[in-house]
>>> print(open('work08.txt').read())   # compact mmCIF, C-alpha atoms
# COMPACT_ATOMS: atom_id res chain seq x y z
CA MET A 30 82.91 101.23 84.10
CA THR A 31 85.91 101.86 81.85
CA SER A 32 86.56 104.90 79.72
CA LYS A 33 87.06 105.16 76.00
CA ARG A 34 90.06 103.15 74.84
CA VAL A 35 93.29 105.17 74.72
CA ASP A 36 96.23 104.29 72.52
CA LYS A 37 99.02 106.42 73.93
CA PRO A 38 100.46 106.70 77.46
CA ILE A 39 100.73 109.98 79.34
CA ALA A 40 104.45 109.73 80.08
CA LYS A 41 107.15 107.22 80.96
CA ILE A 42 109.48 106.51 83.86
CA CYS A 43 112.81 105.86 82.21
CA GLY A 44 115.47 105.81 84.93
CA LEU A 45 115.90 104.87 88.58
CA GLY A 46 118.64 105.75 91.04
CA PHE A 47 119.31 105.18 94.72
CA ALA A 48 121.62 106.66 97.27
CA GLU A 49 123.01 104.13 99.72
CA LEU A 50 120.27 102.67 101.91
CA SER A 51 121.39 102.19 105.48
CA ARG A 52 120.29 101.64 109.07
CA GLU A 53 122.73 104.29 110.27
CA TYR A 54 123.34 107.96 109.60
CA LEU A 55 125.93 108.28 106.81
CA LYS A 56 124.96 111.47 104.93
CA SER A 57 122.53 114.37 105.08
CA GLN A 58 119.24 114.26 103.21
CA LYS A 59 120.56 116.72 100.64
CA ALA A 60 123.65 114.62 99.97
CA LEU A 61 121.54 111.46 99.66
CA ALA A 62 119.12 113.19 97.29
CA CYS A 63 121.99 114.40 95.10
CA ASP A 64 123.43 110.87 94.92
CA ALA A 65 120.08 109.41 93.91
CA ILE A 66 119.45 112.05 91.24
CA ILE A 67 122.90 111.58 89.69
CA ALA A 68 122.32 107.80 89.62
CA ALA A 69 118.86 108.16 88.05
CA VAL A 70 120.10 110.46 85.28
CA ALA A 71 122.86 108.00 84.43
CA ASP A 72 120.46 105.04 84.59
CA ALA A 73 118.19 106.76 82.06
CA GLY A 74 121.13 107.27 79.68
CA LEU A 75 120.79 111.05 79.94
CA GLN A 76 123.08 113.93 80.83
CA LYS A 77 122.50 116.46 83.59
CA SER A 78 121.94 119.07 80.91
CA ASP A 79 118.96 117.04 79.65
CA VAL A 80 117.08 117.56 82.93
CA ASP A 81 114.82 120.61 82.92
CA GLY A 82 112.57 119.81 85.88
CA VAL A 83 113.00 118.69 89.51
CA VAL A 84 110.26 117.68 91.96
CA ILE A 85 111.18 117.02 95.59
CA ASN A 86 109.32 114.94 98.17
CA ARG A 87 110.58 115.34 101.73
CA SER A 88 109.58 113.57 104.91
CA ASP A 89 107.49 115.29 107.56
CA THR A 90 109.78 113.84 110.23
CA ASN A 91 112.59 116.30 109.50
CA PRO A 92 112.85 120.11 109.19
CA SER A 93 111.91 121.54 105.81
CA ASP A 94 115.35 123.07 105.30
CA ASP A 95 116.91 119.58 105.32
CA LEU A 96 115.71 119.13 101.72
CA PRO A 97 114.87 122.55 100.22
CA LEU A 98 114.46 123.89 96.71
CA ARG A 99 118.09 124.96 96.99
CA LEU A 100 118.85 121.37 96.06
CA PHE A 101 118.74 122.74 92.49
CA ASP A 102 121.87 124.75 93.25
CA ASP A 103 123.69 121.88 94.93
CA LEU A 104 123.36 119.88 91.73
CA GLY A 105 124.28 122.75 89.45
CA PHE A 106 120.95 122.80 87.60
CA ARG A 107 120.27 126.02 85.72
CA ASP A 108 117.27 127.42 83.85
CA LEU A 109 114.83 124.72 84.93
CA THR A 110 111.33 125.07 83.50
CA PHE A 111 109.57 123.04 86.19
CA GLY A 112 110.19 122.54 89.91
CA ASN A 113 108.45 122.17 93.25
CA VAL A 114 108.49 120.62 96.72
CA LEU A 115 105.38 118.58 97.54
CA ALA A 116 103.92 118.10 100.99
CA SER A 117 101.05 115.58 100.93
CA GLN A 118 103.11 113.36 103.20
CA ALA A 119 103.91 109.87 101.87
CA ALA A 120 101.35 110.19 99.06
CA CYS A 121 103.92 112.45 97.37
CA GLY A 122 105.98 109.46 96.29
CA VAL A 123 103.38 108.95 93.57
CA GLN A 124 102.03 112.49 93.39
CA MET A 125 105.33 113.99 92.30
CA ILE A 126 105.44 111.55 89.37
CA GLN A 127 101.89 112.54 88.45
CA TYR A 128 102.78 116.24 88.36
CA ALA A 129 105.95 115.51 86.40
CA ALA A 130 103.91 113.43 83.92
CA MET A 131 101.45 116.29 83.44
CA ALA A 132 104.35 118.68 82.89
CA VAL A 133 105.99 116.62 80.15
CA ALA A 134 102.64 115.78 78.56
CA ASN A 135 101.87 119.50 78.23
CA GLY A 136 105.27 120.73 77.10
CA MET A 137 106.39 122.37 80.35
CA ALA A 138 109.45 120.11 80.56
CA GLU A 139 111.11 117.21 78.77
CA ASN A 140 112.88 115.28 81.53
CA VAL A 141 111.82 115.72 85.15
CA VAL A 142 113.66 114.08 88.02
CA CYS A 143 111.54 113.17 91.07
CA VAL A 144 113.40 112.50 94.32
CA PHE A 145 112.63 111.43 97.87
CA ALA A 146 115.20 111.40 100.67
CA ASP A 147 114.89 110.71 104.36
CA THR A 148 117.06 110.21 107.44
CA PRO A 149 114.76 108.90 110.17
CA ILE A 150 117.81 107.37 111.87
CA LEU A 151 120.10 109.96 113.44
CA PRO A 152 123.01 109.57 115.88
CA LYS A 153 120.64 110.13 118.82
CA ARG A 154 117.34 109.03 117.24
CA ARG A 155 116.09 105.57 116.32
CA GLY A 156 113.97 104.92 113.27
CA GLY A 157 110.82 104.28 115.29
CA ASP A 158 111.29 107.47 117.29
CA ALA A 159 111.21 109.54 114.09
CA TYR A 160 107.58 108.57 113.50
CA ALA A 161 106.35 109.26 117.04
CA ILE A 162 104.59 112.36 115.74
CA ASP A 163 100.94 113.21 116.24
CA LEU A 164 98.44 112.07 113.63
CA ALA A 165 95.48 114.39 114.12
CA LEU A 166 92.60 111.90 114.10
CA THR A 167 90.19 114.29 115.82
CA ASN A 168 91.31 117.63 114.37
CA ILE A 169 91.44 118.91 117.96
CA PRO A 170 94.95 120.32 118.54
CA GLY A 171 96.91 118.26 121.06
CA TRP A 172 94.11 115.81 121.84
CA GLU A 173 95.99 112.69 120.72
CA ARG A 174 99.15 113.47 122.65
CA GLN A 175 97.17 114.48 125.75
CA TYR A 176 95.60 111.05 125.86
CA GLY A 177 98.80 109.16 125.13
CA LEU A 178 98.29 108.40 121.43
CA TYR A 179 101.76 108.90 120.03
CA GLY A 180 102.63 108.46 116.40
CA ALA A 181 101.45 106.40 113.48
CA VAL A 182 101.68 103.05 115.28
CA GLY A 183 98.93 103.84 117.76
CA ALA A 184 96.74 105.48 115.11
CA TYR A 185 97.03 102.52 112.76
CA GLY A 186 96.49 100.17 115.69
CA PHE A 187 93.01 101.70 115.99
CA ALA A 188 92.39 101.05 112.29
CA MET A 189 93.60 97.47 112.54
CA ARG A 190 91.43 96.74 115.59
CA ARG A 191 88.37 98.23 113.90
CA TYR A 192 89.02 96.14 110.79
CA MET A 193 89.34 92.97 112.90
CA GLU A 194 86.12 93.61 114.81
CA LEU A 195 84.07 94.77 111.84
CA PHE A 196 84.95 91.88 109.54
CA GLY A 197 85.78 89.07 111.95
CA VAL A 198 89.46 88.93 111.02
CA GLY A 199 92.15 87.29 113.14
CA ALA A 200 95.87 87.97 113.40
CA GLU A 201 96.67 85.23 110.89
CA THR A 202 95.21 87.30 108.05
CA PHE A 203 97.73 90.07 108.69
CA GLY A 204 100.36 87.37 109.03
CA GLU A 205 99.61 86.26 105.46
CA VAL A 206 100.46 89.79 104.30
CA ALA A 207 103.68 89.91 106.31
CA LEU A 208 104.80 86.46 105.17
CA ALA A 209 104.19 87.27 101.50
CA ALA A 210 106.26 90.45 101.79
CA ARG A 211 109.09 88.52 103.45
CA GLN A 212 109.11 85.86 100.73
CA TRP A 213 109.41 88.53 98.05
CA ALA A 214 112.14 90.33 100.01
CA ARG A 215 114.26 87.19 99.99
CA ARG A 216 114.49 87.64 96.19
CA SER A 217 115.47 91.32 96.26
CA PRO A 218 119.04 92.60 96.63
CA LEU A 219 117.64 95.89 97.98
CA ALA A 220 115.68 94.33 100.86
CA PHE A 221 116.81 94.49 104.48
CA GLN A 222 114.54 91.89 106.11
CA THR A 223 115.39 88.60 104.39
CA LYS A 224 115.49 86.08 107.24
CA PRO A 225 112.91 83.30 106.69
CA MET A 226 109.71 83.91 108.65
CA SER A 227 106.95 81.49 109.61
CA MET A 228 103.44 82.20 110.82
CA ASP A 229 104.58 81.28 114.33
CA ASP A 230 107.40 83.83 114.02
CA TYR A 231 104.85 86.46 113.08
CA LEU A 232 102.39 85.58 115.85
CA ASN A 233 105.15 85.50 118.46
CA SER A 234 106.66 88.84 117.49
CA LYS A 235 106.28 91.51 120.14
CA LEU A 236 103.28 93.77 120.32
CA ILE A 237 104.04 97.41 119.50
CA ALA A 238 100.54 98.89 119.87
CA ASP A 239 97.97 96.15 120.34
CA PRO A 240 96.99 94.58 117.95
CA LEU A 241 99.98 95.75 115.85
CA ARG A 242 102.98 93.45 116.11
CA MET A 243 106.55 94.19 115.14
CA PHE A 244 106.16 92.39 111.80
CA ASP A 245 103.06 94.43 111.00
CA CYS A 246 105.22 97.56 110.77
CA ALA A 247 107.46 98.98 108.06
CA PHE A 248 111.26 98.86 108.31
CA PRO A 249 112.69 102.44 108.28
CA VAL A 250 116.00 103.18 106.55
CA ASN A 251 118.08 106.21 105.68
CA GLY A 252 118.45 106.78 101.98
CA ALA A 253 117.06 108.32 98.82
CA GLY A 254 115.46 107.25 95.57
CA ALA A 255 114.89 109.13 92.32
CA VAL A 256 113.22 108.48 88.98
CA ILE A 257 113.21 110.27 85.64
CA VAL A 258 109.85 111.09 84.05
CA SER A 259 109.86 111.89 80.32
CA ALA A 260 107.48 112.09 77.39
CA PRO A 261 106.64 108.66 75.89
CA GLU A 262 108.45 109.45 72.66
CA GLY A 263 111.33 111.30 74.33
CA GLY A 264 114.85 110.12 75.03
CA GLY A 265 115.82 108.08 78.05
CA GLY A 266 115.35 104.43 78.88
CA GLU A 267 116.74 103.04 75.64
CA ARG A 268 119.36 100.94 77.48
CA ASN A 269 117.53 99.95 80.68
CA GLY A 270 113.88 100.08 79.71
CA ALA A 271 110.88 102.20 80.63
CA ALA A 272 107.57 101.98 82.48
CA PHE A 273 104.78 103.76 80.63
CA ILE A 274 102.19 105.68 82.64
CA TRP A 275 98.65 105.11 81.32
CA GLY A 276 96.53 106.17 84.27
CA MET A 277 96.81 108.40 87.35
CA GLY A 278 94.46 109.10 90.23
CA GLN A 279 94.24 110.81 93.60
CA GLY A 280 91.70 110.56 96.42
CA HIS A 281 91.36 112.88 99.44
CA ARG A 282 88.53 112.40 101.88
CA GLY A 283 88.73 115.46 104.07
CA TYR A 284 87.87 115.42 107.76
CA LEU A 285 84.90 113.18 108.50
CA ALA A 286 85.31 112.12 112.12
CA TYR A 287 81.81 113.27 113.11
CA SER A 288 79.90 111.62 110.26
CA ASP A 289 78.82 108.03 109.76
CA TYR A 290 81.86 107.48 107.54
CA GLU A 291 84.07 104.49 108.46
CA ASN A 292 87.37 106.36 108.86
CA GLU A 293 89.30 103.21 109.72
CA THR A 294 88.09 100.88 106.96
CA ASP A 295 86.69 102.95 104.08
CA THR A 296 89.37 105.00 102.36
CA PRO A 297 89.57 107.32 99.33
CA ALA A 298 91.67 104.70 97.55
CA ARG A 299 88.44 103.88 95.72
CA VAL A 300 88.31 107.46 94.39
CA ALA A 301 91.94 107.37 93.22
CA GLY A 302 91.60 103.93 91.64
CA LYS A 303 88.41 104.75 89.77
CA LYS A 304 90.02 107.82 88.21
CA ALA A 305 93.21 105.97 87.20
CA TYR A 306 91.41 102.97 85.72
CA ARG A 307 89.11 105.16 83.65
CA MET A 308 92.05 107.19 82.40
CA ALA A 309 93.85 104.01 81.30
CA GLY A 310 90.68 102.48 79.84
CA ILE A 311 90.88 99.38 82.04
CA SER A 312 89.41 98.04 85.28
CA ALA A 313 90.85 96.45 88.40
CA ARG A 314 90.27 93.03 86.80
CA ASP A 315 92.93 93.86 84.19
CA ILE A 316 95.71 94.49 86.74
CA ASP A 317 98.28 91.67 86.82
CA HIS A 318 100.24 92.70 89.91
CA ALA A 319 100.33 95.60 92.37
CA GLN A 320 102.68 97.59 94.57
CA ILE A 321 100.43 98.68 97.43
CA TYR A 322 101.56 101.10 100.12
CA ASP A 323 102.27 98.93 103.17
CA ALA A 324 103.55 100.99 106.07
CA PHE A 325 101.46 98.46 108.05
CA THR A 326 99.91 95.14 107.08
CA VAL A 327 96.43 96.60 107.47
CA THR A 328 97.11 99.13 104.70
CA THR A 329 97.77 96.29 102.26
CA LEU A 330 94.35 94.80 103.04
CA LEU A 331 92.64 98.18 102.83
CA GLY A 332 94.46 98.89 99.58
CA LEU A 333 93.35 95.62 98.00
CA GLU A 334 89.77 96.42 98.91
CA GLY A 335 89.88 100.13 98.11
CA TYR A 336 91.44 99.66 94.69
CA GLY A 337 88.80 97.14 93.72
CA PHE A 338 90.58 93.79 93.82
CA CYS A 339 88.01 92.52 96.32
CA GLU A 340 85.02 93.94 98.17
CA ARG A 341 85.20 95.60 101.59
CA GLY A 342 85.77 92.98 104.25
CA GLU A 343 86.80 90.31 101.73
CA GLY A 344 90.54 90.83 102.14
CA LYS A 345 90.73 87.87 104.53
CA ASP A 346 89.79 85.42 101.79
CA PHE A 347 91.69 87.29 99.07
CA VAL A 348 95.10 87.02 100.79
CA ALA A 349 94.67 83.46 102.11
CA ASP A 350 97.01 80.60 101.20
CA GLY A 351 99.87 82.76 99.94
CA ALA A 352 97.88 84.54 97.23
CA LEU A 353 100.16 87.61 97.37
CA ALA A 354 103.44 85.67 97.62
CA PRO A 355 105.71 84.26 94.89
CA GLY A 356 103.67 81.71 92.96
CA GLY A 357 100.39 83.19 94.22
CA ARG A 358 97.51 84.25 92.05
CA PHE A 359 98.00 88.01 92.58
CA PRO A 360 101.58 89.17 93.27
CA VAL A 361 101.77 92.18 95.60
CA ASN A 362 104.80 94.20 96.77
CA THR A 363 107.23 92.06 94.84
CA GLY A 364 110.34 93.68 96.33
CA GLY A 365 109.26 93.02 99.90
CA GLY A 366 107.43 96.33 100.17
CA GLN A 367 107.98 98.55 103.17
CA LEU A 368 107.40 95.69 105.61
CA SER A 369 110.42 93.59 104.65
CA GLY A 370 112.14 95.56 101.88
CA TYR A 371 112.79 99.11 103.07
CA TYR A 372 110.68 102.09 104.08
CA LEU A 373 111.35 105.05 101.78
CA GLN A 374 107.72 106.09 102.01
CA GLY A 375 106.06 106.23 98.57
CA MET A 376 109.32 105.72 96.69
CA THR A 377 109.43 102.06 97.82
CA GLN A 378 106.43 101.10 95.71
CA VAL A 379 107.38 103.42 92.84
CA SER A 380 110.83 101.89 92.44
CA GLU A 381 109.56 98.32 92.39
CA GLY A 382 106.73 99.22 90.03
CA TYR A 383 109.24 100.69 87.60
CA LEU A 384 111.60 97.70 87.85
CA GLN A 385 108.78 95.25 87.15
CA ALA A 386 107.36 97.20 84.19
CA ALA A 387 110.84 97.65 82.72
CA ASN A 388 111.57 93.92 83.16
CA ARG A 389 114.49 94.66 85.49
CA ALA A 390 113.33 92.78 88.60
CA GLY A 391 115.64 89.80 88.25
CA ASP A 392 114.62 86.68 90.21
CA ARG A 393 111.35 88.29 91.26
CA GLN A 394 110.27 89.36 87.76
CA ILE A 395 106.58 88.75 87.12
CA GLY A 396 105.90 86.76 83.96
CA ASN A 397 102.39 88.11 83.45
CA ASN A 398 103.59 91.70 83.23
CA GLY A 399 100.86 93.58 81.41
CA TRP A 400 99.17 96.11 83.70
CA SER A 401 100.40 97.04 87.16
CA LEU A 402 99.19 99.37 89.88
CA VAL A 403 101.43 101.49 92.12
CA THR A 404 99.91 103.23 95.16
CA ALA A 405 100.90 105.60 97.95
CA GLN A 406 99.11 107.27 100.84
CA GLY A 407 99.65 110.00 103.41
CA GLY A 408 98.30 110.73 106.85
CA ARG A 409 96.28 107.84 108.23
CA MET A 410 94.77 106.75 104.91
CA ASP A 411 93.77 110.38 104.24
CA TYR A 412 95.58 111.19 100.98
CA HIS A 413 95.84 108.59 98.22
CA ALA A 414 97.57 108.54 94.84
CA CYS A 415 98.14 105.81 92.27
CA LEU A 416 99.64 105.03 88.87
CA VAL A 417 98.68 102.47 86.24
CA LEU A 418 101.84 101.26 84.48
CA SER A 419 102.57 99.02 81.54
CA PRO A 420 105.69 97.93 79.62
CA GLU A 421 103.84 98.81 76.42
CA LYS A 422 104.33 102.15 74.66
CA VAL A 423 101.30 101.64 72.40
CA ARG A 424 98.36 99.27 72.28
>>> encode(input="work08.txt", output="structure tokens")
Amino acid sequence: MTSKRVDKPIAKICGLGFAELSREYLKSQKALACDAIIAAVADAGLQKSDVDGVVINRSDTNPSDDLPLRLFDDLGFRDLTFGNVLASQAACGVQMIQYAAMAVANGMAENVVCVFADTPILPKRRGGDAYAIDLALTNIPGWERQYGLYGAVGAYGFAMRRYMELFGVGAETFGEVALAARQWARRSPLAFQTKPMSMDDYLNSKLIADPLRMFDCAFPVNGAGAVIVSAPEGGGGERNGAAFIWGMGQGHRGYLAYSDYENETDTPARVAGKKAYRMAGISARDIDHAQIYDAFTVTTLLGLEGYGFCERGEGKDFVADGALAPGGRFPVNTGGGQLSGYYLQGMTQVSEGYLQAANRAGDRQIGNNGWSLVTAQGGRMDYHACLVLSPEKVR
């Protein structure tokens, strides 16, 4: 069910900036964040003095003082009217844009910069090691580590196995997701994983946490990304284009391990999507392409189902025969996503969603570029957030 037709967007994303993305430690998180913010302000055609709000999203894998509110001082911002650090894990990549959009829509600020920075790779720490942190699946302190369940890979391995058993899905279905992401990555100058990949390559890649293979997992990088969120009629974006925000939604399920709830396969993405579609006055059928959070291939399938593009358990048929890849019927993660592009948590999907809506995606630009969906999630599918974007300022 859609809501009453709306004729004006909530806000716009009008600038995008990156710090250098790398597989080695080059700069601190604060330095990377500053670089990305400076680049985003310039990309929007604004001056630093035009920015009156800053929202920061930092990774849980590093100490909080690596990216503090003091970032305001490092950049020389003064008299800001809006600012915060968000901590809903990777869902914040989208959530911070939602809060910035609400701020500009209600007169609390005019131009808010939203930034994410991360350095999972340190001189004595590999990218994978950074994410070997407990995901509390039971809510019993220390249970997971006591029984040898370390990090997101093992936790998502449970979800993937449950999905396979519940819906009769084989490894090739997840391979379709990985192959589509790799094909898109080959068109993106930002992507790291661009070597051609076949289904045999996917199936023969090493197991990380059975049934998760290496190519089922995101590709961590050091770096930062920032966007500028402004009022629809405000300045910014005149030179490089804007993505207009028409709908926003969040979904948080709470702790349900002892109920009959399917924690591995039924996520609050459906709650977030329903809210965003109703706000925009559309339905999932109106979406032309999507940027779906893909820290693992299984989250792409769960996202497609949760956000209403197919029913639960129907992802196998939906992604078959290259449906998500270039030339497919429903383009997904058109920059390579986190699987083959780069893992900057929620900022990966946000940046590509903006580039597509602003018609700045180059060789991977989608021709049917009306409505797009951008999603993010935190925890193990616990916290969801999404945006409905369009190139159109009015309709």
>>> closest_residue(input="work08.txt", among="A:Val133, A:Arg282, A:Pro225, A:Thr326", to="Met243 of chain A", atoms="only C-alpha atoms")
A:Thr326
>>> closest_residue(input="work08.txt", among="A:Lys303, A:Arg87, A:Lys235, A:Arg191", to="Lys59 of chain A", atoms="all atoms listed in the file")
A:Arg87
>>> closest_atom_pairs(input="work08.txt", of="segment 342-424 of chain A", to="segment 36-41 of chain A", cutoff="9 Å", atoms="all atoms listed in the file", output="CSV")
residue,atom,partner,partner_atom,distance
A:Leu418,CA,A:Lys41,CA,8.7
A:Ser419,CA,A:Pro38,CA,8.9
A:Glu421,CA,A:Pro38,CA,8.6
A:Lys422,CA,A:Pro38,CA,6.6
A:Val423,CA,A:Lys37,CA,5.5
A:Arg424,CA,A:Asp36,CA,5.5
>>> residues_near_point(input="work08.txt", point="(91.2, 107.4, 104.0)", cutoff="8 Å", atoms="all atoms listed in the file", output="list in words")
His281, Arg282, Asn292, Glu293, Thr294, Asp295, Thr296, Pro297, Ala298, Arg409, Met410, Asp411, Tyr412 and His413 of chain A
>>> atom_distance(input="work08.txt", atom1="atom CA of Val327 of chain A", atom2="atom CA of Leu115 of chain A")
25.7 Å
>>> atom_distance(input="work08.txt", atom1="atom CA of Leu402 of chain A", atom2="atom CA of Cys246 of chain A")
21.8 Å
>>> closest_residue(input="work08.txt", among="A:Gly407, A:Gly357, A:Gly136, A:Gly105", to="Gly375 of chain A", atoms="all atoms listed in the file")
A:Gly407
>>> closest_residue(input="work08.txt", among="A:Ala146, A:Ala138, A:Ala387, A:Cys43", to="Asp64 of chain A", atoms="all atoms listed in the file")
A:Ala146
>>> decode(input="work08.txt", residues="segment 57-72 of chain A", atoms="N, CA and C atoms", output="compact mmCIF listing (two decimals), in the first residue's frame")
# COMPACT_ATOMS: atom_id res chain seq x y z
N SER A 57 45.67 8.43 9.70
CA SER A 57 44.73 8.15 10.77
C SER A 57 43.30 8.34 10.28
N GLN A 58 42.35 7.82 11.06
CA GLN A 58 40.94 8.01 10.70
C GLN A 58 40.57 9.49 10.65
N LYS A 59 41.07 10.27 11.60
CA LYS A 59 40.74 11.70 11.60
C LYS A 59 41.26 12.38 10.34
N ALA A 60 42.48 12.06 9.95
CA ALA A 60 43.05 12.68 8.75
C ALA A 60 42.27 12.27 7.51
N LEU A 61 41.89 10.99 7.43
CA LEU A 61 41.10 10.52 6.29
C LEU A 61 39.74 11.22 6.26
N ALA A 62 39.09 11.34 7.42
CA ALA A 62 37.80 12.00 7.48
C ALA A 62 37.89 13.45 7.02
N CYS A 63 38.93 14.15 7.45
CA CYS A 63 39.12 15.54 7.04
C CYS A 63 39.29 15.64 5.53
N ASP A 64 40.08 14.74 4.95
CA ASP A 64 40.28 14.75 3.49
C ASP A 64 38.96 14.55 2.76
N ALA A 65 38.16 13.60 3.24
CA ALA A 65 36.89 13.31 2.57
C ALA A 65 35.92 14.48 2.68
N ILE A 66 35.86 15.12 3.85
CA ILE A 66 34.97 16.26 4.03
C ILE A 66 35.36 17.42 3.13
N ILE A 67 36.65 17.73 3.08
CA ILE A 67 37.12 18.82 2.22
C ILE A 67 36.76 18.53 0.76
N ALA A 68 36.93 17.28 0.33
CA ALA A 68 36.61 16.90 -1.05
C ALA A 68 35.11 17.00 -1.32
N ALA A 69 34.28 16.61 -0.35
CA ALA A 69 32.83 16.67 -0.54
C ALA A 69 32.32 18.10 -0.64
N VAL A 70 32.86 18.99 0.20
CA VAL A 70 32.46 20.39 0.15
C VAL A 70 32.80 20.99 -1.21
N ALA A 71 33.99 20.70 -1.70
CA ALA A 71 34.39 21.21 -3.01
C ALA A 71 33.53 20.62 -4.12
N ASP A 72 33.23 19.31 -4.02
CA ASP A 72 32.42 18.65 -5.04
C ASP A 72 31.03 19.25 -5.13
